[in-house]
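This is target14.cif. It holds mmCIF, C-alpha atoms.
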data_data
#
loop_
_atom_site.label_atom_id
_atom_site.label_comp_id
_atom_site.auth_asym_id
_atom_site.auth_seq_id
_atom_site.Cartn_x
_atom_site.Cartn_y
_atom_site.Cartn_z
CA MET A 5 22.69 -43.92 42.25
CA ARG A 6 22.74 -40.26 41.55
CA LYS A 7 19.78 -38.20 42.75
CA TRP A 8 18.84 -34.73 41.73
CA ILE A 9 16.18 -32.69 43.52
CA LEU A 10 14.47 -29.85 41.73
CA ALA A 11 12.36 -27.54 43.83
CA GLY A 12 10.35 -24.47 42.96
CA LEU A 13 6.99 -23.28 41.73
CA GLY A 14 5.24 -25.17 44.52
CA PHE A 15 6.56 -28.66 43.74
CA THR A 16 9.57 -30.84 44.39
CA ALA A 17 10.72 -33.54 42.00
CA VAL A 18 13.36 -36.19 42.63
CA PHE A 19 15.17 -37.68 39.67
CA THR A 20 17.22 -40.84 40.05
CA LEU A 21 19.60 -42.16 37.44
CA ALA A 22 21.17 -45.60 37.41
CA TRP A 23 24.91 -46.09 37.72
CA THR A 24 26.94 -45.50 34.62
CA ALA A 25 30.20 -47.22 33.73
CA ALA A 26 32.09 -44.04 34.68
CA ASP A 27 30.65 -44.20 38.22
CA VAL A 28 31.70 -47.78 38.88
CA PRO A 29 34.99 -48.46 40.66
CA LYS A 30 37.53 -50.22 38.46
CA PRO A 31 39.20 -53.51 39.47
CA LYS A 32 42.18 -52.96 41.78
CA THR A 33 44.71 -54.81 39.67
CA VAL A 34 44.97 -56.43 36.30
CA VAL A 35 45.51 -60.17 36.64
CA PRO A 36 47.11 -62.05 33.74
CA THR A 37 44.68 -64.28 31.90
CA ASN A 38 47.25 -66.89 30.87
CA ILE A 39 47.25 -68.42 34.35
CA ILE A 40 45.04 -71.33 33.24
CA ALA A 41 46.19 -73.65 30.47
CA ALA A 42 43.81 -73.69 27.51
CA ASP A 43 43.61 -77.49 27.62
CA ALA A 44 42.67 -77.45 31.34
CA ILE A 45 39.36 -75.54 31.06
CA ILE A 46 36.08 -75.78 29.16
CA ILE A 47 33.11 -73.49 28.64
CA PRO A 48 31.03 -74.46 31.70
CA VAL A 49 27.59 -74.66 30.04
CA ALA A 50 26.72 -77.67 27.87
CA GLY A 51 26.37 -76.86 24.20
CA VAL A 52 27.48 -73.22 24.42
CA GLN A 53 29.97 -72.35 21.71
CA ILE A 54 32.59 -69.62 21.82
CA GLU A 55 30.59 -67.38 19.46
CA LYS A 56 27.81 -67.09 22.06
CA LEU A 57 30.09 -65.70 24.80
CA LYS A 58 30.02 -61.95 25.49
CA ASP A 59 32.65 -60.17 27.58
CA ASN A 60 30.68 -58.44 30.34
CA PHE A 61 33.37 -58.69 33.06
CA THR A 62 33.73 -54.90 33.43
CA ASP A 63 30.03 -54.05 33.07
CA ALA A 64 28.43 -51.93 35.78
CA ARG A 65 26.27 -53.79 38.31
CA ALA A 66 24.55 -51.80 41.10
CA GLY A 67 27.63 -49.78 42.03
CA HIS A 68 30.31 -52.37 41.37
CA VAL A 69 32.10 -54.03 38.50
CA HIS A 70 30.43 -57.28 37.40
CA GLY A 71 33.67 -59.26 37.75
CA ALA A 72 32.24 -62.34 36.01
CA LEU A 73 30.96 -63.71 32.74
CA ASP A 74 27.22 -64.23 32.21
CA ILE A 75 26.63 -67.22 29.94
CA MET A 76 23.07 -67.18 28.62
CA ALA A 77 21.34 -70.55 28.19
CA ALA A 78 17.93 -72.15 28.53
CA ARG A 79 16.75 -72.93 32.04
CA GLY A 80 17.81 -76.46 32.97
CA THR A 81 20.84 -76.60 30.64
CA PRO A 82 23.60 -78.62 32.36
CA VAL A 83 26.35 -76.61 34.05
CA LEU A 84 29.72 -78.34 33.81
CA ALA A 85 32.82 -78.27 36.00
CA ALA A 86 35.12 -75.93 34.06
CA VAL A 87 38.26 -77.63 35.40
CA ASP A 88 39.33 -80.64 37.43
CA GLY A 89 38.92 -79.76 41.08
CA LYS A 90 36.87 -80.13 44.23
CA VAL A 91 33.59 -78.68 45.48
CA ARG A 92 34.75 -76.25 48.14
CA LYS A 93 31.37 -74.80 49.13
CA LEU A 94 27.70 -75.14 48.26
CA PHE A 95 26.02 -71.90 49.21
CA THR A 96 22.77 -69.99 48.74
CA SER A 97 22.85 -66.21 48.86
CA LYS A 98 20.50 -63.33 48.13
CA ALA A 99 22.65 -62.13 45.21
CA GLY A 100 23.97 -65.39 43.73
CA GLY A 101 21.07 -67.67 44.55
CA ILE A 102 22.10 -71.33 44.39
CA THR A 103 25.89 -71.34 43.98
CA ILE A 104 28.92 -73.61 43.80
CA TYR A 105 32.51 -72.74 44.67
CA GLU A 106 35.05 -75.11 43.11
CA THR A 107 38.81 -75.06 43.73
CA ASP A 108 41.45 -76.31 41.35
CA PRO A 109 43.60 -79.28 42.51
CA ALA A 110 46.32 -76.93 43.86
CA GLU A 111 43.68 -74.83 45.69
CA GLU A 112 45.07 -71.65 44.16
CA MET A 113 41.98 -70.69 42.14
CA ILE A 114 38.27 -70.59 42.84
CA TYR A 115 35.58 -71.12 40.18
CA TYR A 116 32.20 -69.66 41.09
CA TYR A 117 28.95 -70.82 39.48
CA ALA A 118 25.84 -68.78 40.40
CA HIS A 119 22.10 -68.39 39.68
CA LEU A 120 21.71 -72.18 39.36
CA ASP A 121 18.25 -73.71 39.14
CA ARG A 122 19.47 -76.68 41.20
CA TYR A 123 22.52 -78.83 41.92
CA ALA A 124 23.26 -82.09 40.12
CA ASP A 125 22.19 -85.17 42.09
CA GLY A 126 24.86 -86.31 44.52
CA LEU A 127 26.83 -83.04 44.57
CA VAL A 128 28.30 -82.45 48.03
CA GLU A 129 31.05 -80.33 49.53
CA GLY A 130 34.42 -82.04 49.15
CA LYS A 131 33.38 -84.01 46.05
CA LEU A 132 36.19 -84.42 43.52
CA LEU A 133 35.26 -83.17 40.06
CA ARG A 134 36.57 -83.86 36.60
CA ARG A 135 36.41 -81.23 33.91
CA GLY A 136 33.04 -81.68 32.16
CA ASP A 137 31.17 -83.28 35.08
CA VAL A 138 27.58 -82.03 35.37
CA ILE A 139 27.42 -80.05 38.62
CA GLY A 140 24.14 -78.15 38.29
CA TYR A 141 21.63 -76.61 35.95
CA VAL A 142 21.20 -73.08 34.55
CA GLY A 143 18.59 -71.01 36.32
CA SER A 144 17.76 -67.51 37.54
CA THR A 145 17.97 -67.77 41.34
CA GLY A 146 19.24 -64.91 43.48
CA ASN A 147 19.09 -61.46 41.92
CA ALA A 148 19.05 -62.72 38.31
CA PRO A 149 16.07 -61.55 36.26
CA ARG A 150 13.51 -64.40 36.16
CA ASN A 151 13.17 -64.18 32.38
CA SER A 152 16.97 -64.33 31.73
CA PRO A 153 18.32 -67.70 32.89
CA HIS A 154 22.10 -67.77 32.73
CA LEU A 155 25.23 -68.97 34.48
CA HIS A 156 27.16 -66.26 36.33
CA PHE A 157 30.71 -67.67 36.06
CA ALA A 158 33.63 -66.11 37.92
CA ILE A 159 37.27 -67.04 38.40
CA SER A 160 39.41 -65.72 41.24
CA ILE A 161 42.91 -66.24 42.54
CA LEU A 162 42.56 -67.35 46.16
CA PRO A 163 44.40 -65.36 48.83
CA PRO A 164 47.06 -67.13 50.93
CA THR A 165 44.40 -67.61 53.64
CA LYS A 166 42.31 -69.65 51.12
CA GLU A 167 38.91 -68.12 52.01
CA TRP A 168 36.51 -69.27 49.29
CA TRP A 169 34.58 -65.99 49.31
CA LYS A 170 37.66 -63.83 48.70
CA GLY A 171 40.11 -63.57 45.86
CA GLU A 172 41.44 -61.46 43.04
CA PRO A 173 39.03 -61.61 40.08
CA VAL A 174 40.25 -62.82 36.71
CA ASN A 175 38.29 -62.19 33.51
CA PRO A 176 36.99 -65.59 32.26
CA TYR A 177 36.27 -64.31 28.73
CA PRO A 178 39.83 -64.23 27.31
CA ILE A 179 40.56 -67.54 29.03
CA LEU A 180 37.51 -69.30 27.57
CA THR A 181 38.04 -67.82 24.12
CA ALA A 182 41.76 -68.62 23.94
CA ARG A 183 43.00 -70.85 21.18
CA GLY A 184 42.97 -74.47 22.28
CA VAL A 185 40.12 -74.27 24.80
CA THR A 186 37.77 -77.26 24.49
CA ARG A 187 34.52 -75.78 23.22
CA SER A 188 32.03 -78.26 24.62
CA SER A 189 31.64 -81.38 26.72
CA SER A 190 31.22 -83.46 23.56
CA GLU A 191 34.88 -82.77 22.74
CA LEU A 192 36.06 -84.25 26.06
CA PRO A 193 37.24 -87.83 26.39
CA GLN A 194 34.16 -89.95 27.17
CA HIS A 195 35.25 -90.80 30.75
CA GLN A 196 35.18 -87.13 31.77
CA ALA A 197 31.81 -85.93 30.58
CA GLY A 198 28.95 -86.22 33.03
CA GLY A 199 30.78 -88.15 35.84
CA ASP A 200 29.44 -89.03 39.28
#

Encoding of this model in structure tokens:
Amino acid sequence: MRKWILAGLGFTAVFTLAWTAADVPKPKTVVPTNIIAADAIIIPVAGVQIEKLKDNFTDARAGHVHGALDIMAARGTPVLAAVDGKVRKLFTSKAGGITIYETDPAEEMIYYYAHLDRYADGLVEGKLLRRGDVIGYVGSTGNAPRNSPHLHFAISILPPTKEWWKGEPVNPYPILTARGVTRSSSELPQHQAGGD
């Protein structure tokens, strides 16, 4: 925040302006977006089509770069595993609310799902996931505005130490909008959608 103080004529006024894009630090490096095969990932919210996605990865958020994609949807809409993988961590935080961290099978990438309303029944740490499995439901927990339910979806390259909370952010938008990406769970083979 920038603050300006004006004093004089017997009064003092404090003006505060929100962060602007120019004030926000830029990502440290540019990570290639072709690191995930188009046929290995889906849009992680049931029924959301490519036309509804907006690239807000570099938007300003309280002094930092957003570093994720907000996918707007009605509260309670199923959130789907974007890729085959494993639940690395179930976590609740002040910022993200109810969250899921999923790793890919090689444990090189982390997929972060935040602001969930709740987890899918039976979801536990270590559970193996298939692309399209229902893992939770869209909500507005954490610091999300109550009247704007959405999925905060982030992708990161894990560091060699494999800490789930660290990683180099990758913009999900060009990955999810690439030619060949499955657009919805209904396009998946029947055995993958909705799993245990």

(request) Carefully work through the PyMOL selection byres ((chain A and resi 48) around 8) for this structure and note down the residues it includes, as a PyMOL selection string. (result) chain A and resi 46-47+49-50+83-86+136

Enumerate, in order of chain and increasing residue number, the residues of segment 90-131 of chain A with an atom no farther than 10 Å from segment 171-179 of chain A, each with its shortest atom pair and distance in Å to one decimal, counting all atoms listed in the file, as a Markdown table.
| residue | atom | partner | partner_atom | distance |
| --- | --- | --- | --- | --- |
| A:Glu112 | CA | A:Gly171 | CA | 9.6 |
| A:Met113 | CA | A:Gly171 | CA | 8.2 |
| A:Ile114 | CA | A:Gly171 | CA | 7.9 |
| A:Tyr115 | CA | A:Pro176 | CA | 9.8 |

Store the residues of this selection in a file with C-alpha atoms, as an mmCIF file, keeping the file's coordinate frame.
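Written out: part33.cif:
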data_model
loop_
_atom_site.group_PDB
_atom_site.id
_atom_site.type_symbol
_atom_site.label_atom_id
_atom_site.label_comp_id
_atom_site.auth_asym_id
_atom_site.auth_seq_id
_atom_site.Cartn_x
_atom_site.Cartn_y
_atom_site.Cartn_z
ATOM 1 C CA GLU A 112 45.070 -71.650 44.160
ATOM 2 C CA MET A 113 41.980 -70.690 42.140
ATOM 3 C CA ILE A 114 38.270 -70.590 42.840
ATOM 4 C CA TYR A 115 35.580 -71.120 40.180
#

(request) Name every residue that the PyMOL selection byres ((chain A and resi 79) around 12) selects in this structure, writing the answer as an MDAnalysis selection string with chains first and numbers rising. (result) chainID A and resid 49:50 75:78 80:83 119:122 140:145 150:155

(request) Would you please work out which residue, of A:Ile159, A:Ala124, A:Ile45, A:Val138, is nearest to Ala72 of chain A when using all atoms listed in the file? (result)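 Closest candidate: A:Ile159.
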
(request) Could you tell me which residues the PyMOL selection byres ((chain A and resi 130) around 7) grabs in this file, written as a ChimeraX atom specification? (result) /A:90-92,128-129,131-132

(request) Please measure the separation of atom CA of Pro149 of chain A and atom CA of Asp137 of chain A, giving the value in Å to one decimal. (result)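 Computed distance, atom CA of Pro149 of chain A to atom CA of Asp137 of chain A, equals 26.5 Å.
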
(message) At a cut-off of 6 Å, using all atoms listed in the file, what residues contact Ala118 of chain A? Leave out same-chain residues fewer than 6 positions from it and give the result as a PyMOL selection string.
(response) chain A and resi 100+103+155-156

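Between atom CA of Asp88 of chain A and atom CA of Thr107 of chain A there is a distance of 8.4 Å.
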
(message) As an exercise, work out the distance from atom CA of Glu167 of chain A to atom CA of Lys98 of chain A in Å and give it to one decimal place.
(response) 19.4 Å

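You can rank A:Asn60, A:Val52, A:Trp169, A:Leu180 by their closest distance to Phe95 of chain A using only C-alpha atoms, and at the top of that list sits A:Trp169.
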
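You can rank A:Gly71, A:Thr181, A:Leu162, A:Leu127 by their closest distance to Ala110 of chain A using all atoms listed in the file, and at the top of that list sits A:Leu162.
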